[in-house]
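Colleague: Here's a structure for you.
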Amino acid sequence: MNTPYSFDHDAYAAALHERFGHLTDGEESGVTVKVAGRVMLLRTQGKLAFGTLRDSSGEIQLFALSAVAHEFEAFTKLHLGDWVGVEGEVVRTKRGELSVKVGFWQVLAEARQNFGDKWAGIADFDLRYRHREADLWANPETRISLTRRSQVLQSIRRNLWDQDFMEVETPMLNGIPTGAAARPFVTHHNALGAEFFLRIAPELWLKRLVVGGYERVFEMGRVFRNEGISPRHNPEFTMLELYVAYWDYENMMTLTEELCAKVAMDVLGTTEITYQGREFSFKTGWPRRSMAELASEAVGEDVSVHTPMDRLTKLLNDRDVKVHASWGAGRCLSELFEATAEADIWNPMFVTEHPLEISPLARGHRRDPLLTERFEAFATGRELANGFSELNDPDVQRARFEDQARLAAAGDDEAMQIDHDYIKALEWGLPPTAGLGIGIDRLAMLIADASNIREVIAFPTLKPIREP
RNA sequence: GCGCCUCUAGCUCAACGGCAGAGCAAUGGACUCUUAAUCCACAGGUUUCGGGUUCGAAUCCCGAGGGGCGCACCA
């Protein structure tokens, strides 16, 4: 089929409703516009035809009269989903529907595939995720969710730019996978003959930029973790990481809650959010409570990193958690927190003072050498953000890496590897610095009221279809 | 990776051991103000795939594949 290379489009559906809302039933505006979009519905009635045109802004009715419309017969034979460009006068029909009275029109592209039931849409998850392009037309909620995600990204960038952050990009192909506890994807560079790992976090690179003198940096981009897929996990997901020189973790908690409140205001116009039928608030002033305090409350007795191992082991065993031989009191406390208090945190809260044992990149706590100045933000029972006062002493960092290496040798396949380049970077001097990581997909889920992470990822990771 | 559930026409769904059906879409037609238009007609299927049980299987059983939800891992 011969279709044009361009169309001189000059009007959007939503703008027409705004501009011509005043037209009375049967009134003609005398204004000619050129609209474009897909024909979503078509009703013919002898020498009349009504179509529903949908563009990125909304919908507007097309009103065709055989005496007026160019090639009226062909117009009545359009398929649902066809892209058309239409030139015509803006009118309101006798029955009160604002319309473009079709004059010249042309097919811009045909739809040869069906867009699903025009009332029920597409329900099949496989089809929706593998062919999001069809899902976007068939299910308006999909368009809203993905649009909200985009608005979240936009809001974060604008807010950080406004606070003098510099957006940077760091390598995704890494010789050593580090910056988090996770299993990596492995790939290979032919010319270098070298194994590379897709990044699991940009953390160490970003801190090296702070060493380099950029006092406020952020990166928002994809990280890759070779782990299970679930309604809350996609193997590639979007992480915001940011670092601020001269700050500690208390300052960073304040930034975190302010950023969330601003994003909610920018995207939804309120900090009061309904997630899966239940309310929570992104208003600032989130409680800041230590992990030990929350775990103690949950188990009904005082527990901390100073609690004897046999007691912690007993408490974990009571909750069907098996204690691994390599675990110390710190890991046990963290496991106890996860097994008890974590899932019940519905309203945003900062959990602070994580054990040093599970925080190899965080700076030791100024009041307790077994703890770190770290926080995690929880909301609706899930982790949303993680941050800390950054460990900036190269000797201490080397010792922490060595501890990790011992764990790796003992069979922990998520323990970090020693990054000598990073130690060397710290030897050039990292000022006191605080860092933050936010799982953007998780945040987008809250903003878009999505129960599954796939609803806020345009093309989620799926199993490739294997030929039998 | 393990467990439970699921897969029927292009889409949404019936039929649940006894002739595979409907609505929408598509195709042909009627209709000068429709709103998921309506009406008439026509067409559409190795019931995801491969085995098995049975006189008879979409339906019961086994295996494979895709998907959903839990668990585990994690953000």
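Residue numbering restarts at 1 for every chain of the structure tokens, chains are lettered A, B, ... in their displayed order, and ligands are numbered from 1 as they appear.
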Skip A15 (chain B) itself and residues of its chain fewer than 3 positions away, then list as a list in words all residues within 10 Å of it, counting only C-alpha atoms (C1' of nucleotides).
Modeller: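 My list of contacting residues is U8, A20, G21, A58 and U59 of chain B.
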Colleague: Taking only C-alpha atoms (C1' of nucleotides) into account, find every residue of chain B that has an atom no more than 9 Å from chain A, and write it out as a ChimeraX atom specification.
Modeller: /B:1,10-12,24-25,30-37,49,64-68,72-75
Colleague: Could you pull out the alpha helix (DSSP H) residues of region 95-227 of chain A, going by DSSP on the backbone, and write them as a ChimeraX atom specification?
Modeller: /A:125-130,132-138,140-162,203-211
Colleague: Can you list every residue in region 227-271 of chain A that DSSP puts in strand (DSSP E), as a list of chain:residue names?
Modeller: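 Listing strand (DSSP E) positions across region 227-271 of chain A yields A:Glu236, A:Phe237, A:Thr238, A:Met239, A:Leu240, A:Glu241, A:Leu242, A:Tyr243, A:Val244, A:Ala245.
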Colleague: Selected residues, N, CA, C and O atoms, written as a PDB file, in the first residue's frame, please.
Modeller:
```pdb
ATOM      1  N   GLU A 236      17.343  -6.900  34.940  1.00  0.00           N
ATOM      2  CA  GLU A 236      17.925  -5.583  34.715  1.00  0.00           C
ATOM      3  C   GLU A 236      16.942  -4.574  35.285  1.00  0.00           C
ATOM      4  O   GLU A 236      15.750  -4.640  35.015  1.00  0.00           O
ATOM      5  N   PHE A 237      17.430  -3.684  36.110  1.00  0.00           N
ATOM      6  CA  PHE A 237      16.540  -2.701  36.704  1.00  0.00           C
ATOM      7  C   PHE A 237      17.279  -1.376  36.825  1.00  0.00           C
ATOM      8  O   PHE A 237      18.484  -1.292  36.588  1.00  0.00           O
ATOM      9  N   THR A 238      16.522  -0.343  37.131  1.00  0.00           N
ATOM     10  CA  THR A 238      17.092   0.995  37.105  1.00  0.00           C
ATOM     11  C   THR A 238      17.403   1.472  38.506  1.00  0.00           C
ATOM     12  O   THR A 238      16.555   1.428  39.392  1.00  0.00           O
ATOM     13  N   MET A 239      18.635   1.898  38.683  1.00  0.00           N
ATOM     14  CA  MET A 239      19.097   2.333  39.983  1.00  0.00           C
ATOM     15  C   MET A 239      19.528   3.788  39.905  1.00  0.00           C
ATOM     16  O   MET A 239      20.194   4.198  38.957  1.00  0.00           O
ATOM     17  N   LEU A 240      19.094   4.550  40.898  1.00  0.00           N
ATOM     18  CA  LEU A 240      19.631   5.903  41.066  1.00  0.00           C
ATOM     19  C   LEU A 240      20.681   5.827  42.159  1.00  0.00           C
ATOM     20  O   LEU A 240      20.408   5.319  43.243  1.00  0.00           O
ATOM     21  N   GLU A 241      21.883   6.282  41.852  1.00  0.00           N
ATOM     22  CA  GLU A 241      22.878   6.399  42.915  1.00  0.00           C
ATOM     23  C   GLU A 241      23.377   7.827  42.917  1.00  0.00           C
ATOM     24  O   GLU A 241      23.611   8.422  41.858  1.00  0.00           O
ATOM     25  N   LEU A 242      23.529   8.388  44.106  1.00  0.00           N
ATOM     26  CA  LEU A 242      24.072   9.737  44.172  1.00  0.00           C
ATOM     27  C   LEU A 242      24.983   9.882  45.377  1.00  0.00           C
ATOM     28  O   LEU A 242      24.844   9.159  46.371  1.00  0.00           O
ATOM     29  N   TYR A 243      25.936  10.781  45.247  1.00  0.00           N
ATOM     30  CA  TYR A 243      26.959  10.979  46.277  1.00  0.00           C
ATOM     31  C   TYR A 243      27.139  12.463  46.521  1.00  0.00           C
ATOM     32  O   TYR A 243      27.123  13.262  45.570  1.00  0.00           O
ATOM     33  N   VAL A 244      27.283  12.810  47.802  1.00  0.00           N
ATOM     34  CA  VAL A 244      27.477  14.205  48.167  1.00  0.00           C
ATOM     35  C   VAL A 244      28.666  14.311  49.121  1.00  0.00           C
ATOM     36  O   VAL A 244      28.663  13.703  50.204  1.00  0.00           O
ATOM     37  N   ALA A 245      29.665  15.071  48.686  1.00  0.00           N
ATOM     38  CA  ALA A 245      30.839  15.286  49.533  1.00  0.00           C
ATOM     39  C   ALA A 245      30.465  16.119  50.749  1.00  0.00           C
ATOM     40  O   ALA A 245      29.584  16.989  50.673  1.00  0.00           O
TER      41      ALA A 245
END
```
Colleague: Can you pull out the residues contacting Met166 (chain A)? Cut-off 9 Å, using only C-alpha atoms (C1' of nucleotides), and skip same-chain residues under 3 positions away; I want them as an NGL selection string.
Modeller: :A and (160-161 or 214-219)
Colleague: Please list as a VMD selection string every residue within 12 Å of Ser296 (chain A), counting only C-alpha atoms (C1' of nucleotides) and excluding residues in the same chain fewer than 6 positions away.
Modeller: chain A and resid 289 to 290 302 to 305 307 312 315 333 to 334 336 to 337 340 to 341
Colleague: Output N, CA and C atoms for every residue in that selection, as a CSV table (one decimal), in the first residue's frame.
Modeller:
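Result file is out_28.csv:
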```csv
chain,number,residue,atom,x,y,z
A,289,ARG,N,14.7,4.7,62.8
A,289,ARG,CA,14.9,3.8,64.0
A,289,ARG,C,16.0,2.7,63.6
A,290,SER,N,16.7,2.4,64.7
A,290,SER,CA,17.8,1.4,64.4
A,290,SER,C,17.3,0.0,64.2
A,302,ASP,N,15.6,-7.5,74.3
A,302,ASP,CA,16.7,-6.7,73.7
A,302,ASP,C,17.7,-7.5,72.9
A,303,VAL,N,17.8,-7.2,71.7
A,303,VAL,CA,18.9,-7.9,70.9
A,303,VAL,C,19.7,-6.8,70.2
A,304,SER,N,21.0,-7.1,69.9
A,304,SER,CA,21.9,-6.2,69.2
A,304,SER,C,23.1,-7.0,68.7
A,305,VAL,N,24.0,-6.3,68.1
A,305,VAL,CA,25.2,-7.0,67.7
A,305,VAL,C,26.1,-7.5,68.9
A,307,THR,N,24.6,-9.1,71.4
A,307,THR,CA,23.9,-10.2,72.0
A,307,THR,C,24.7,-11.5,71.7
A,312,LEU,N,21.2,-15.4,69.7
A,312,LEU,CA,20.7,-15.0,68.4
A,312,LEU,C,20.3,-16.3,67.6
A,315,LEU,N,17.0,-17.6,68.6
A,315,LEU,CA,15.9,-16.7,68.2
A,315,LEU,C,15.6,-16.9,66.7
A,333,LEU,N,21.7,-10.5,63.4
A,333,LEU,CA,20.8,-9.4,63.8
A,333,LEU,C,20.0,-9.0,62.5
A,334,SER,N,20.7,-8.9,61.4
A,334,SER,CA,20.1,-8.5,60.1
A,334,SER,C,19.0,-9.5,59.7
A,336,LEU,N,17.5,-11.5,61.6
A,336,LEU,CA,16.4,-11.5,62.6
A,336,LEU,C,15.4,-10.4,62.2
A,337,PHE,N,16.0,-9.2,61.9
A,337,PHE,CA,15.2,-8.1,61.4
A,337,PHE,C,14.3,-8.4,60.2
A,340,THR,N,11.4,-10.7,60.9
A,340,THR,CA,10.3,-10.3,61.8
A,340,THR,C,9.7,-8.9,61.4
A,341,ALA,N,10.5,-7.9,61.5
A,341,ALA,CA,9.9,-6.5,61.4
A,341,ALA,C,9.7,-6.0,60.0
```
Colleague: Between B:U27, B:G56, B:C62, B:C19, which residue has the minimum interatomic distance to A41 (chain B), considering only C-alpha atoms (C1' of nucleotides)?
Modeller: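 Checking each of B:U27, B:G56, B:C62, B:C19 against A41 (chain B), counting only C-alpha atoms (C1' of nucleotides), the winner is B:U27.
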Colleague: Find the residues near Thr3 (chain A): any atom within 7 Å, counting only C-alpha atoms (C1' of nucleotides), skip ones fewer than 5 places away on the same chain, and give them as a PDB file with all heavy atoms, in the first residue's frame.
Modeller:
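Okay, result-v2.pdb is ready:
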```pdb
ATOM      1  N   VAL A 107      -4.677   7.116   4.749  1.00  0.00           N
ATOM      2  CA  VAL A 107      -4.115   6.099   5.634  1.00  0.00           C
ATOM      3  C   VAL A 107      -2.621   6.373   5.754  1.00  0.00           C
ATOM      4  O   VAL A 107      -1.926   6.529   4.753  1.00  0.00           O
ATOM      5  CB  VAL A 107      -4.340   4.686   5.062  1.00  0.00           C
ATOM      6  CG1 VAL A 107      -3.590   3.650   5.898  1.00  0.00           C
ATOM      7  CG2 VAL A 107      -5.829   4.359   5.040  1.00  0.00           C
ATOM      8  N   LEU A 108      -2.119   6.464   6.981  1.00  0.00           N
ATOM      9  CA  LEU A 108      -0.680   6.682   7.199  1.00  0.00           C
ATOM     10  C   LEU A 108       0.045   5.351   7.346  1.00  0.00           C
ATOM     11  O   LEU A 108       1.221   5.236   7.005  1.00  0.00           O
ATOM     12  CB  LEU A 108      -0.457   7.545   8.446  1.00  0.00           C
ATOM     13  CG  LEU A 108      -1.154   8.913   8.430  1.00  0.00           C
ATOM     14  CD1 LEU A 108      -0.873   9.669   9.713  1.00  0.00           C
ATOM     15  CD2 LEU A 108      -0.724   9.740   7.221  1.00  0.00           C
ATOM     16  N   ALA A 109      -0.666   4.372   7.903  1.00  0.00           N
ATOM     17  CA  ALA A 109      -0.130   3.009   7.997  1.00  0.00           C
ATOM     18  C   ALA A 109      -1.273   2.082   8.368  1.00  0.00           C
ATOM     19  O   ALA A 109      -2.174   2.452   9.109  1.00  0.00           O
ATOM     20  CB  ALA A 109       0.981   2.918   9.042  1.00  0.00           C
TER      21      ALA A 109
END
```
Colleague: By how many Å are CA of Ala405 (chain A) and CA of Gln417 (chain A) apart?
Modeller: 6.0 Å
